[in-house]
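Visitor: Okay, here's the structure, questions in a sec.
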Amino acid sequence: MSLAKMSVTEGNKNTNTEAWGGFDDNLIQGSGSAVIDMENMDDTSGSSFEDMGEMHQRMKEEEEVAEEAAATEEDTGEDGEFLGMKGIKGQLGRQVADEVWRAGKRQASKAFNLYANIDILRPYFDVEPVQVRNRLIESMIPVRMINFPQKIAGELYGPMMLVFTLVAILLHGMKTSGTVIREGTLMGTAIGTCFGYWLGVSSFIYFLAYLCNAQITMLQMLSLLGYGLFGHCVVLLVTYNVHFHSLFYILWLVIGGLSTLRMVAALISRTVGQTPRLILCGTLAALHMLFLLYLHFAYHKIVEGILDTLEGPNVPPIQRVARDLPEVATNLVNGTVKSLGLSL
Amino acid sequence: MAEVDEANKPLFAGLSDVSISADIPVEGEITVPVSSPSQDDEYSTLDEPVKDTILRDLKAVGKKFVHVMYPKKSSALLRDWDLWGPLLLCVTLALLLQGGSADSKDDGGPQFAEVFVIIWFGSVVITLNSKLLGGTISFFQSLCVLGYCILPLTVAMIVCRLVLLGGTGPASFAIRLILVIASFGWSTFASTAFLADSQPPSRKALVVYPIFLFYFVIGWMILTFAPSHGAGP
């Protein structure tokens, strides 16, 4: 602070322009009544940053005045160059004061920052358990109301928890399928995939919605897509444990389709015109359904490949039989044909 | 940290008193009597043997372990938090889960780093979530409680390894399943017993869900763990 003051006074001494005069007077007045000044310092010792802030503000105002004055003088007179020189020096002083103030502010708010950020986010997490439950159920029920914009709750608790649940389910799927990604990236892959999909697709659809003039905010988009992941969670939780291909396709179409339809209906009701609706909803539906397909098969395909090459005894036999029922059937047919051929 | 804060507060209060009440003459040496006991405290720990210091800390950690094992609603875990216990438990669990996969080429078990990251990242997420939902607990208090409540799962992991020494089969799997489910329930129950008070009662379910998920993932990792050299034919 003292450094800033010194530099400011130096700047004042160097630049005796009219605009700085007022400020200089103020300083002199302050130093003239030293006792009062000391007392003031004592009282506001805890909040000296406010002082600096005030000073900064005042200096800014005066700088503006000075600039105006400089402009008028430059228009009229010939010592424009002289003023420019002085302006640079004044700027230096101001810069130092600015920097010191900023450093102080940063230091003071460093500890406080975390809580401040949390306070900013807190409204988005302001939900009751009943509300979350209802929204989870509603995410599976498409509403056929296209003419009037549907309500979309702007809330992030449900989506966040669903994404973390999806991460856990994905980890489970990777582990049971024995997926070998490179060292130590199993967790990272799961988190990256889920958060990447959620944030990436939301912002992409938001961008498309902006192009298509749809009435939706980023927060609503995040919430809508996040709750749409509930269907994915249910389907994947079931199909990572029960390995029937036909069951997966049925669930994919029914549950995945329902949650996709719900999002599409909400988007349609907030868009005007046929082509924008088609573009927006086609993109969203395709991405959402394909993501579920990808999550399911990205790991199953790998498993089956590994199982086929290994065919070792450390493969859990129950899973294999259940999962590859069609193959078992074909094996059975092959076997009977072979035995028939042998007997003949 | 708490001690320093307590020492600082009256110090500033005293200063402001001095400046406001101008009629009292201020002269001589101004001493702040409040800060002297803390200085004495520090002095007494300075010349004690290192063994005493370590033993004192270990005793504090052990006392908190007992609190986790008998989760009655006490604030001992919350009042003087530390991160030594969580670190100890986390490293133990990660080392046990690393198991025999260190020497083999393929990565059978979860990596040390993975377990470490899951535990710390998970507890940070839970803590942030509880803060966002309007909890009145501080960041490190929550980290401390969540870390200490891994203790039942770590114990289960140790027993699981002993069971796995006996052999792998449906019987051992059943034993491990029961063990892990019991310790998972224990962990969740203990952590909610400590953390539930700081939450608004209507939102308890929202806070418990991520805790449930967190311990579920850890428990599931313990259950599916099999040392790679033991599983081979």
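Just so we're on the same page: first chain in the structure tokens is A, next is B, and so on; residues restart at 1 for each chain, and ligands are numbered from 1 in the order they show up.
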From segment 50-194 of chain B, collect each residue whose DSSP state is helix (DSSP H, G or I) and return the set as a PyMOL selection string.
Guide: chain B and resi 50-69+76-79+84-102+112-132+139-148+151-166+170-194
Visitor: Applying 10 Å and only C-alpha atoms, which residues near Val143 of chain A remain after dropping the ones on its own chain fewer than 6 positions away? List them as a ChimeraX atom specification.
Guide: /A:150,261-266,269
Visitor: Kindly export the residues of the current selection with N, CA, C and O atoms, as a JSON list (two decimals), in the first residue's frame.
Guide:
```json
[["chain", "number", "residue", "atom", "x", "y", "z"],
["A", 150, "GLN", "N", -42.73, -26.56, -23.27],
["A", 150, "GLN", "CA", -42.75, -27.37, -22.04],
["A", 150, "GLN", "C", -41.78, -26.78, -21.02],
["A", 150, "GLN", "O", -40.79, -26.17, -21.37],
["A", 261, "LEU", "N", -37.28, -39.75, -26.56],
["A", 261, "LEU", "CA", -38.52, -39.11, -27.00],
["A", 261, "LEU", "C", -38.89, -37.95, -26.09],
["A", 261, "LEU", "O", -39.36, -36.91, -26.55],
["A", 262, "ARG", "N", -38.67, -38.16, -24.80],
["A", 262, "ARG", "CA", -39.00, -37.11, -23.83],
["A", 262, "ARG", "C", -38.19, -35.84, -24.13],
["A", 262, "ARG", "O", -38.72, -34.73, -24.17],
["A", 263, "MET", "N", -36.88, -36.03, -24.41],
["A", 263, "MET", "CA", -36.03, -34.87, -24.71],
["A", 263, "MET", "C", -36.44, -34.23, -26.03],
["A", 263, "MET", "O", -36.49, -33.01, -26.15],
["A", 264, "VAL", "N", -36.73, -35.10, -26.99],
["A", 264, "VAL", "CA", -37.11, -34.59, -28.31],
["A", 264, "VAL", "C", -38.40, -33.79, -28.22],
["A", 264, "VAL", "O", -38.52, -32.70, -28.80],
["A", 265, "ALA", "N", -39.37, -34.31, -27.44],
["A", 265, "ALA", "CA", -40.65, -33.61, -27.31],
["A", 265, "ALA", "C", -40.44, -32.24, -26.67],
["A", 265, "ALA", "O", -41.02, -31.24, -27.12],
["A", 266, "ALA", "N", -39.59, -32.20, -25.65],
["A", 266, "ALA", "CA", -39.33, -30.93, -24.98],
["A", 266, "ALA", "C", -38.68, -29.94, -25.94],
["A", 266, "ALA", "O", -39.01, -28.75, -25.95],
["A", 269, "SER", "N", -41.21, -28.66, -28.63],
["A", 269, "SER", "CA", -42.16, -27.67, -28.15],
["A", 269, "SER", "C", -41.53, -26.29, -28.03],
["A", 269, "SER", "O", -42.23, -25.29, -27.93]]
```
Visitor: For Val155 of chain B, work out the shell of residues within 10 Å, counting only C-alpha atoms and skipping chain neighbours fewer than 6 positions away, then give it as number ranges by chain.
Guide: B: 89, 92-93, 179-180, 183
Visitor: Write a file of the selected residues as a compact mmCIF listing (two decimals), in the first residue's frame, keeping C-alpha atoms.
Guide:
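Output below, filename again.txt:
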```
# COMPACT_ATOMS: atom_id res chain seq x y z
CA LEU B 89 -6.22 -46.21 5.41
CA THR B 92 -3.15 -49.55 3.07
CA LEU B 93 -6.19 -50.26 0.93
CA LEU B 179 -18.00 -59.53 4.46
CA VAL B 180 -17.96 -56.78 1.90
CA SER B 183 -18.54 -53.53 5.88
```
Visitor: Would you mind reading off the distance between atom CA of Met140 of chain A and atom CA of Tyr215 of chain B, one decimal, in Å?
Guide: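 Interatomic distance, atom CA of Met140 of chain A to atom CA of Tyr215 of chain B: 28.0 Å.
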Visitor: Find the residues around Ile118 of chain A up to 12 Å (only C-alpha atoms counted), leave out those fewer than 4 positions away in its own chain, and share them as a ChimeraX atom specification.
Guide: /A:112-114,122-125 /B:127-135,139
Visitor: If you keep N, CA and C atoms, can you produce a file of those selected residues as an mmCIF file, in the first residue's frame?
Guide:
```cif
data_model
loop_
_atom_site.group_PDB
_atom_site.id
_atom_site.type_symbol
_atom_site.label_atom_id
_atom_site.label_comp_id
_atom_site.auth_asym_id
_atom_site.auth_seq_id
_atom_site.Cartn_x
_atom_site.Cartn_y
_atom_site.Cartn_z
ATOM 1 N N PHE A 112 -11.273 -17.036 0.387
ATOM 2 C CA PHE A 112 -12.724 -16.852 0.353
ATOM 3 C C PHE A 112 -13.309 -17.365 -0.956
ATOM 4 N N ASN A 113 -12.467 -17.482 -1.962
ATOM 5 C CA ASN A 113 -12.934 -17.735 -3.319
ATOM 6 C C ASN A 113 -13.753 -19.013 -3.439
ATOM 7 N N LEU A 114 -13.254 -20.078 -2.803
ATOM 8 C CA LEU A 114 -13.907 -21.378 -2.904
ATOM 9 C C LEU A 114 -15.362 -21.268 -2.475
ATOM 10 N N ARG A 122 -24.828 -22.656 -5.804
ATOM 11 C CA ARG A 122 -25.804 -23.253 -4.894
ATOM 12 C C ARG A 122 -27.246 -23.252 -5.406
ATOM 13 N N PRO A 123 -27.715 -22.206 -6.058
ATOM 14 C CA PRO A 123 -29.114 -22.229 -6.534
ATOM 15 C C PRO A 123 -29.428 -23.402 -7.447
ATOM 16 N N TYR A 124 -28.414 -23.869 -8.186
ATOM 17 C CA TYR A 124 -28.676 -24.970 -9.125
ATOM 18 C C TYR A 124 -28.822 -26.301 -8.402
ATOM 19 N N PHE A 125 -28.449 -26.330 -7.141
ATOM 20 C CA PHE A 125 -28.533 -27.582 -6.386
ATOM 21 C C PHE A 125 -29.637 -27.519 -5.343
ATOM 22 N N THR B 127 -18.014 -34.079 -0.689
ATOM 23 C CA THR B 127 -17.942 -32.891 0.164
ATOM 24 C C THR B 127 -18.519 -31.675 -0.546
ATOM 25 N N LEU B 128 -18.118 -31.495 -1.796
ATOM 26 C CA LEU B 128 -18.637 -30.357 -2.554
ATOM 27 C C LEU B 128 -20.149 -30.465 -2.690
ATOM 28 N N ASN B 129 -20.618 -31.678 -2.929
ATOM 29 C CA ASN B 129 -22.058 -31.889 -3.077
ATOM 30 C C ASN B 129 -22.784 -31.506 -1.796
ATOM 31 N N SER B 130 -22.230 -31.932 -0.655
ATOM 32 C CA SER B 130 -22.913 -31.617 0.603
ATOM 33 C C SER B 130 -22.866 -30.122 0.875
ATOM 34 N N LYS B 131 -21.781 -29.463 0.449
ATOM 35 C CA LYS B 131 -21.724 -28.012 0.626
ATOM 36 C C LYS B 131 -22.748 -27.328 -0.264
ATOM 37 N N LEU B 132 -22.876 -27.851 -1.480
ATOM 38 C CA LEU B 132 -23.825 -27.239 -2.424
ATOM 39 C C LEU B 132 -25.260 -27.426 -1.963
ATOM 40 N N LEU B 133 -25.508 -28.513 -1.256
ATOM 41 C CA LEU B 133 -26.870 -28.751 -0.781
ATOM 42 C C LEU B 133 -27.157 -27.980 0.501
ATOM 43 N N GLY B 134 -26.187 -27.214 0.967
ATOM 44 C CA GLY B 134 -26.449 -26.370 2.117
ATOM 45 C C GLY B 134 -25.995 -26.970 3.425
ATOM 46 N N GLY B 135 -24.973 -27.828 3.389
ATOM 47 C CA GLY B 135 -24.448 -28.390 4.628
ATOM 48 C C GLY B 135 -23.629 -27.361 5.378
ATOM 49 N N PHE B 139 -14.884 -28.144 4.803
ATOM 50 C CA PHE B 139 -14.361 -29.014 3.749
ATOM 51 C C PHE B 139 -13.544 -30.167 4.324
#
```
Visitor: Give the answer as one residue: which of B:Thr136, B:Thr154, B:Thr168, B:Gln111 has the shortest atom-to-atom distance to chain A, using only C-alpha atoms?
Guide: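 Ranked by minimum distance to chain A, first place goes to B:Gln111.
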Visitor: What's around Tyr240 of chain A at 9 Å? Count only C-alpha atoms, leave out sequence neighbours fewer than 2 positions away in its own chain, and write the answer as a PyMOL selection string.
Guide: chain A and resi 169-170+172-173+176-177+235-238+242-243+296+300
Visitor: Return the single residue from A:Leu293, A:Ile216, A:Leu166, A:Ile120 that is closest to His245 of chain A, with distances computed using only C-alpha atoms.
Guide: A:Leu293
Visitor: From the options A:Val201, A:Leu136, A:Leu229, A:Met187, which residue's atoms come nearest to chain B, counting only C-alpha atoms?
Guide: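 Once distances to chain B are computed over only C-alpha atoms, the minimum belongs to A:Met187.
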